[in-house]
>>> print(open('query-v8.csv').read())   # CSV, C-alpha atoms
chain,number,residue,atom,x,y,z
A,66,MET,CA,0.3,48.5,-82.7
A,67,ASN,CA,1.6,48.7,-79.1
A,68,PRO,CA,3.4,51.8,-77.7
A,69,GLN,CA,6.8,50.5,-78.8
A,70,GLY,CA,5.6,50.3,-82.4
A,71,LEU,CA,5.7,46.6,-82.5
A,72,SER,CA,2.8,44.8,-83.9
A,73,GLU,CA,0.8,42.6,-81.5
A,74,PRO,CA,1.1,38.9,-82.1
A,75,GLN,CA,-1.7,37.5,-84.2
A,76,VAL,CA,-3.7,35.0,-82.2
A,77,VAL,CA,-4.5,31.8,-84.1
A,78,PRO,CA,-7.9,30.4,-83.1
A,79,LYS,CA,-8.0,26.8,-81.8
A,80,ALA,CA,-10.1,25.7,-84.8
A,81,VAL,CA,-7.4,26.9,-87.2
A,82,VAL,CA,-4.7,25.0,-85.2
A,83,MET,CA,-6.9,21.9,-85.3
A,84,ASP,CA,-7.6,22.3,-88.9
A,85,SER,CA,-3.8,22.5,-89.7
A,86,ALA,CA,-3.4,19.3,-87.6
A,87,ARG,CA,-6.0,17.5,-89.7
A,88,LYS,CA,-4.2,18.7,-92.9
A,89,PHE,CA,-0.9,17.5,-91.4
A,90,CYS,CA,-2.4,14.1,-90.8
A,91,GLN,CA,-3.8,13.8,-94.4
A,92,ILE,CA,-0.3,14.4,-95.8
A,93,PHE,CA,1.5,12.3,-93.2
A,94,MET,CA,-0.7,9.4,-94.1
A,95,GLU,CA,0.5,9.6,-97.7
A,96,ILE,CA,4.3,9.3,-97.0
A,97,PRO,CA,5.9,6.0,-97.9
A,98,GLN,CA,7.0,5.4,-94.3
A,99,TYR,CA,3.4,5.6,-93.0
A,100,LYS,CA,2.0,3.4,-95.8
A,101,ALA,CA,4.8,0.8,-95.2
A,102,TYR,CA,4.0,0.8,-91.5
A,103,ASP,CA,0.3,0.4,-92.2
A,104,GLN,CA,0.9,-2.5,-94.6
A,105,ALA,CA,3.4,-4.2,-92.3
A,106,ASN,CA,0.9,-3.9,-89.5
A,107,ILE,CA,-1.9,-5.5,-91.5
A,108,ALA,CA,0.5,-8.2,-92.7
A,109,LEU,CA,1.4,-9.1,-89.1
A,110,ARG,CA,-2.2,-9.0,-88.0
A,111,ASN,CA,-2.9,-11.6,-90.8
A,112,ASP,CA,0.1,-13.8,-90.1
A,113,ALA,CA,-1.2,-16.8,-88.3
A,114,GLU,CA,2.2,-18.3,-87.7
A,115,ALA,CA,3.5,-15.2,-86.1
A,116,HIS,CA,0.4,-15.2,-83.9
A,117,ALA,CA,1.1,-18.8,-82.9
A,118,ARG,CA,4.6,-18.0,-82.0
A,119,ALA,CA,3.5,-14.9,-80.0
A,120,GLU,CA,1.0,-17.2,-78.2
A,121,ASP,CA,3.8,-19.7,-77.4
A,122,TYR,CA,5.9,-17.0,-75.9
A,123,SER,CA,3.1,-15.5,-74.0
A,124,GLU,CA,2.0,-18.9,-72.6
A,125,LYS,CA,5.6,-19.6,-71.4
A,126,LEU,CA,5.9,-16.2,-69.9
A,127,GLY,CA,2.6,-16.6,-68.1
A,128,SER,CA,3.7,-20.0,-66.7
A,129,LEU,CA,6.9,-18.4,-65.4
A,130,ARG,CA,5.3,-15.2,-64.0
A,131,ILE,CA,5.6,-16.2,-60.4
A,132,SER,CA,9.2,-17.6,-60.8
A,133,ILE,CA,10.1,-14.3,-62.6
A,134,LYS,CA,8.7,-12.3,-59.7
A,135,LEU,CA,10.7,-14.4,-57.2
A,136,LYS,CA,13.7,-14.3,-59.5
A,137,ALA,CA,13.7,-18.1,-59.4
A,138,VAL,CA,13.8,-18.8,-63.2
A,139,SER,CA,16.2,-21.6,-64.0
A,140,GLU,CA,18.8,-21.2,-66.8
A,141,GLN,CA,17.0,-23.8,-68.9
A,142,GLU,CA,13.6,-22.0,-68.6
A,143,ASN,CA,15.2,-18.7,-69.3
A,144,LEU,CA,16.8,-20.1,-72.5
A,145,GLU,CA,13.5,-21.6,-73.5
A,146,LEU,CA,11.8,-18.3,-73.0
A,147,GLN,CA,14.5,-16.5,-75.0
A,148,ASN,CA,14.2,-19.0,-77.8
A,149,LEU,CA,10.5,-18.5,-78.0
A,150,LYS,CA,10.9,-14.7,-78.1
A,151,ASP,CA,13.6,-15.1,-80.8
A,152,ALA,CA,11.3,-17.3,-82.8
A,153,TYR,CA,8.7,-14.6,-82.8
A,154,ASP,CA,11.2,-11.8,-83.4
A,155,GLN,CA,12.6,-13.6,-86.4
A,156,MET,CA,9.3,-14.0,-88.2
A,157,PRO,CA,9.5,-12.0,-91.5
A,158,SER,CA,6.3,-10.1,-90.7
A,159,VAL,CA,7.7,-9.1,-87.3
A,160,ILE,CA,11.0,-8.0,-88.8
A,161,ALA,CA,9.1,-6.0,-91.5
A,162,LEU,CA,7.0,-4.3,-88.9
A,163,ASN,CA,10.0,-3.4,-86.7
A,164,LYS,CA,11.8,-2.0,-89.7
A,165,ALA,CA,8.8,0.1,-90.8
A,166,ASP,CA,8.3,1.2,-87.2
A,167,GLN,CA,11.9,2.5,-87.0
A,168,GLU,CA,11.6,4.3,-90.3
A,169,LEU,CA,8.3,6.0,-89.3
A,170,ARG,CA,9.8,7.0,-86.0
A,171,ALA,CA,12.9,8.5,-87.6
A,172,VAL,CA,10.6,10.8,-89.7
A,173,SER,CA,8.4,11.5,-86.8
A,174,HIS,CA,11.3,12.5,-84.6
A,175,LYS,CA,12.2,15.2,-87.1
A,176,LEU,CA,8.6,16.5,-87.4
A,177,GLY,CA,8.4,16.4,-83.6
A,178,ASP,CA,11.5,18.5,-83.4
A,179,ILE,CA,9.9,21.2,-85.6
A,180,LEU,CA,6.9,21.3,-83.3
A,181,SER,CA,9.0,21.3,-80.1
A,182,ASP,CA,11.2,24.1,-81.4
A,183,SER,CA,8.1,26.3,-82.0
A,184,ILE,CA,6.7,25.9,-78.5
A,185,ASP,CA,10.0,25.7,-76.5
A,186,MET,CA,9.0,22.4,-75.0
A,187,ASP,CA,9.2,18.7,-75.9
A,188,PHE,CA,6.1,18.0,-77.9
A,189,GLY,CA,6.2,14.2,-77.5
A,190,ASN,CA,6.7,14.3,-73.8
A,191,ARG,CA,4.4,17.1,-73.0
A,192,CYS,CA,1.4,15.9,-75.0
A,193,ARG,CA,1.0,12.8,-72.9
A,194,GLN,CA,-2.2,12.4,-71.0
A,195,PRO,CA,-1.6,13.0,-67.3
A,196,ASP,CA,-1.1,9.9,-65.1
A,197,PRO,CA,-4.7,9.1,-63.9
A,198,CYS,CA,-3.2,7.9,-60.5
B,191,MET,CA,23.6,7.1,-94.0
B,192,THR,CA,20.6,9.1,-95.2
B,193,ASN,CA,19.4,11.9,-93.0
B,194,PRO,CA,15.6,11.2,-92.4
B,195,ILE,CA,14.8,14.9,-93.0
B,196,ASP,CA,16.1,14.5,-96.6
B,197,GLU,CA,13.4,11.9,-97.2
B,198,ILE,CA,10.6,14.0,-95.8
B,199,PRO,CA,8.5,15.5,-98.7
B,200,GLU,CA,8.5,19.3,-98.8
B,201,GLU,CA,4.7,19.3,-98.6
B,202,LEU,CA,4.9,17.5,-95.2
B,203,LEU,CA,7.6,19.8,-94.0
B,204,ASP,CA,5.5,22.8,-95.1
B,205,ILE,CA,2.4,21.7,-93.3
B,206,THR,CA,4.5,20.8,-90.2
B,207,ARG,CA,5.9,24.3,-90.1
B,208,THR,CA,2.4,25.7,-90.5
B,209,LEU,CA,1.1,23.6,-87.7
B,210,ALA,CA,4.1,24.6,-85.6
B,211,ASN,CA,3.6,28.3,-86.2
B,212,ASN,CA,-0.2,28.1,-85.6
B,213,LEU,CA,0.5,26.2,-82.3
B,214,ALA,CA,3.0,28.8,-81.2
B,215,GLN,CA,0.6,31.6,-82.0
B,216,SER,CA,-2.4,30.0,-80.3
B,217,GLU,CA,-3.9,31.7,-77.3
B,218,PRO,CA,-2.6,29.3,-74.7
B,219,PHE,CA,0.9,29.3,-76.0
B,220,LEU,CA,1.0,33.1,-76.4
B,221,ARG,CA,-0.3,33.4,-72.8
B,222,LEU,CA,2.4,31.0,-71.6
B,223,LYS,CA,5.1,33.0,-73.4
B,224,GLN,CA,3.8,36.1,-71.7
B,225,ALA,CA,3.6,34.5,-68.3
B,226,ASN,CA,7.2,33.2,-68.7
B,227,ARG,CA,8.4,36.7,-69.6
B,228,LYS,CA,6.6,38.1,-66.6
B,229,VAL,CA,8.4,35.6,-64.3
B,230,GLU,CA,11.8,36.4,-66.0
B,231,SER,CA,11.3,40.1,-65.5
B,232,ASN,CA,10.4,39.6,-61.8
B,233,PRO,CA,13.7,38.8,-59.9
B,234,GLN,CA,11.8,37.6,-56.8
B,235,ALA,CA,9.5,35.2,-58.7
B,236,SER,CA,12.4,34.1,-60.9
B,237,GLN,CA,14.7,33.3,-58.0
B,238,LEU,CA,11.9,31.5,-56.0
B,239,SER,CA,11.0,29.4,-59.1
B,240,THR,CA,14.7,28.4,-59.7
B,241,GLU,CA,15.3,27.6,-56.0
B,242,PHE,CA,12.1,25.6,-55.8
B,243,SER,CA,12.8,23.6,-59.0
B,244,LEU,CA,16.4,22.8,-57.9
B,245,LEU,CA,15.3,21.6,-54.5
B,246,GLN,CA,12.4,19.6,-55.9
B,247,MET,CA,14.8,17.8,-58.2
B,248,LYS,CA,17.2,17.2,-55.3
B,249,VAL,CA,14.5,15.7,-53.1
B,250,ARG,CA,13.1,13.6,-56.0
B,251,ALA,CA,16.6,12.2,-56.6
B,252,GLN,CA,16.9,11.5,-52.8
B,253,GLN,CA,13.7,9.4,-53.0
B,254,TYR,CA,15.5,7.1,-55.4
B,255,THR,CA,18.5,6.7,-53.2
B,256,SER,CA,18.0,6.3,-49.5
B,257,ASP,CA,19.9,9.5,-48.9
B,258,TYR,CA,16.8,11.3,-47.5
B,259,SER,CA,17.2,14.7,-46.0
B,260,GLN,CA,14.4,15.8,-43.6
B,261,ALA,CA,15.7,19.4,-43.7
B,262,ASP,CA,15.4,19.5,-47.5
B,263,VAL,CA,11.8,18.3,-47.3
B,264,ILE,CA,10.9,20.9,-44.7
B,265,LYS,CA,12.6,23.6,-46.9
B,266,LEU,CA,10.7,22.3,-49.9
B,267,ARG,CA,7.4,22.6,-48.2
B,268,SER,CA,8.2,26.1,-47.1
B,269,LEU,CA,9.2,27.1,-50.7
B,270,GLN,CA,6.0,25.4,-52.0
B,271,SER,CA,4.0,27.6,-49.8
B,272,LEU,CA,5.8,30.7,-51.1
B,273,VAL,CA,5.3,29.5,-54.7
B,274,ASP,CA,1.6,29.0,-54.0
B,275,ARG,CA,1.3,32.6,-52.7
B,276,ASN,CA,3.2,34.2,-55.6
B,277,GLN,CA,0.8,35.6,-58.1
B,278,THR,CA,3.2,35.7,-61.0
B,279,LEU,CA,4.2,32.0,-60.5
B,280,GLN,CA,0.6,31.0,-60.1
B,281,GLU,CA,-0.3,32.7,-63.4
B,282,GLN,CA,2.6,30.9,-65.0
B,283,ALA,CA,1.5,27.6,-63.6
B,284,ALA,CA,-2.1,28.2,-64.9
B,285,ALA,CA,-0.8,29.2,-68.3
B,286,LEU,CA,1.3,26.1,-68.5
B,287,GLU,CA,-1.6,23.9,-67.6
B,288,ASP,CA,-3.8,25.4,-70.3
B,289,ALA,CA,-1.0,25.0,-72.9
B,290,LEU,CA,-0.5,21.4,-71.9
B,291,ASN,CA,-4.2,20.7,-72.2
B,292,PHE,CA,-4.2,22.3,-75.6
B,293,LEU,CA,-1.3,20.1,-76.6
B,294,ARG,CA,-3.0,17.0,-75.3
B,295,ASP,CA,-6.2,17.8,-77.3
B,296,LEU,CA,-4.1,18.3,-80.4
B,297,ASN,CA,-2.3,15.0,-80.0
B,298,GLN,CA,-5.6,13.2,-79.3
B,299,LEU,CA,-7.1,14.6,-82.5
B,300,MET,CA,-4.0,13.6,-84.6
B,301,SER,CA,-3.7,10.2,-83.0
B,302,GLY,CA,-7.4,9.5,-83.7
B,303,ILE,CA,-6.9,10.3,-87.4
B,304,LEU,CA,-3.6,8.4,-87.7
B,305,LYS,CA,-4.8,5.5,-85.5
B,306,MET,CA,-1.5,5.6,-83.6
B,307,ASP,CA,-0.2,7.9,-80.8
B,308,PHE,CA,1.6,10.6,-82.8
B,309,GLY,CA,3.2,12.1,-79.7
B,310,ALA,CA,4.7,8.7,-78.8
B,311,LEU,CA,6.1,8.4,-82.4
B,312,THR,CA,8.0,11.7,-82.0
B,313,ARG,CA,9.6,10.7,-78.7
B,314,ARG,CA,13.3,9.9,-78.9
B,315,VAL,CA,13.2,7.4,-76.1
B,316,SER,CA,10.0,5.3,-76.1
B,317,ASP,CA,9.1,4.4,-72.5
B,318,ASP,CA,5.4,3.7,-73.1
>>> encode(input="query-v8.csv", output="structure tokens")
Amino acid sequence: MNPQGLSEPQVVPKAVVMDSARKFCQIFMEIPQYKAYDQANIALRNDAEAHARAEDYSEKLGSLRISIKLKAVSEQENLELQNLKDAYDQMPSVIALNKADQELRAVSHKLGDILSDSIDMDFGNRCRQPDPC
Amino acid sequence: MTNPIDEIPEELLDITRTLANNLAQSEPFLRLKQANRKVESNPQASQLSTEFSLLQMKVRAQQYTSDYSQADVIKLRSLQSLVDRNQTLQEQAAALEDALNFLRDLNQLMSGILKMDFGALTRRVSDD
């Protein structure tokens, strides 16, 4: 007890914090949103057609890189690029992953808020590794 | 529309609250809280910190526009030197650095287990 009669805050050792983080992860990995994301991720990884479309878009983008830098992309080329991107984005496995990603983020935002409130700082933004530059 | 928190299992909310409480009660965060209180109760340090932060934001904003004020930059350097010599603010800066390092370690551990950057998932605006 301190002179004001208030009890001193109990210090939680680092190992205990890390242990609760491990337990958090175990439970987080069991929620439907995490499992759905994991499955959607595997499905996209195994989707050869989606890979081919991603490759088409990537190749076109690569061929236009200099024109993009010079802001000299023609309307036709821009349209072609957009069509290739749309073709990829409209693949069922891509749509499924985006949906799963959004749902997992929605849950994570709420969990992040709980963590942020406890430390009076934005958990997500403050836990980034510093810029190595 | 369903509120996402309604869909979060109670077990996950419980362990999140436990983690949040443990984090807040960890040595680096308790030390940061103490350092912040010390700054708040020191009018000179508190005023210097506010003045420095406001001017720093102003100068940063000026860097994005071309509205560059040499006088502001000189004033900022002078304030920086005062901040560097202020013991209370230095303790606060060191405590903040320790707390952030702790937070990064924690996120690294969690991200390793989850195989995805948990911190990035919690961010409202994804810019990574």
>>> atom_distance(input="query-v8.csv", atom1="CA of Asn190 in chain A", atom2="CA of Phe308 in chain B")
11.0 Å
>>> interface_residues(input="query-v8.csv", of="chain B", to="chain A", cutoff="7 Å", atoms="only C-alpha atoms", output="PyMOL selection string")
chain B and resi 194-195+198+202+205-207+209-217+290+293-294+296-297+300+303-304+309-314
>>> atom_distance(input="query-v8.csv", atom1="CA of Gln253 in chain B", atom2="CA of Ala235 in chain B")
26.8 Å
>>> atom_distance(input="query-v8.csv", atom1="CA of Ala105 in chain A", atom2="CA of Lys164 in chain A")
9.1 Å
>>> closest_residue(input="query-v8.csv", among="B:Asn291, B:Leu279, B:Met247, B:Leu299", to="Pro233 in chain B", atoms="only C-alpha atoms")
B:Leu279
>>> residues_around(input="query-v8.csv", residues="Val159 in chain A", least_positions_apart="4", cutoff="8 Å", atoms="all atoms listed in the file", output="list of chain:residue names")
A:Leu109, A:Ala115, A:Tyr153, A:Asp154, A:Gln155, A:Asn163
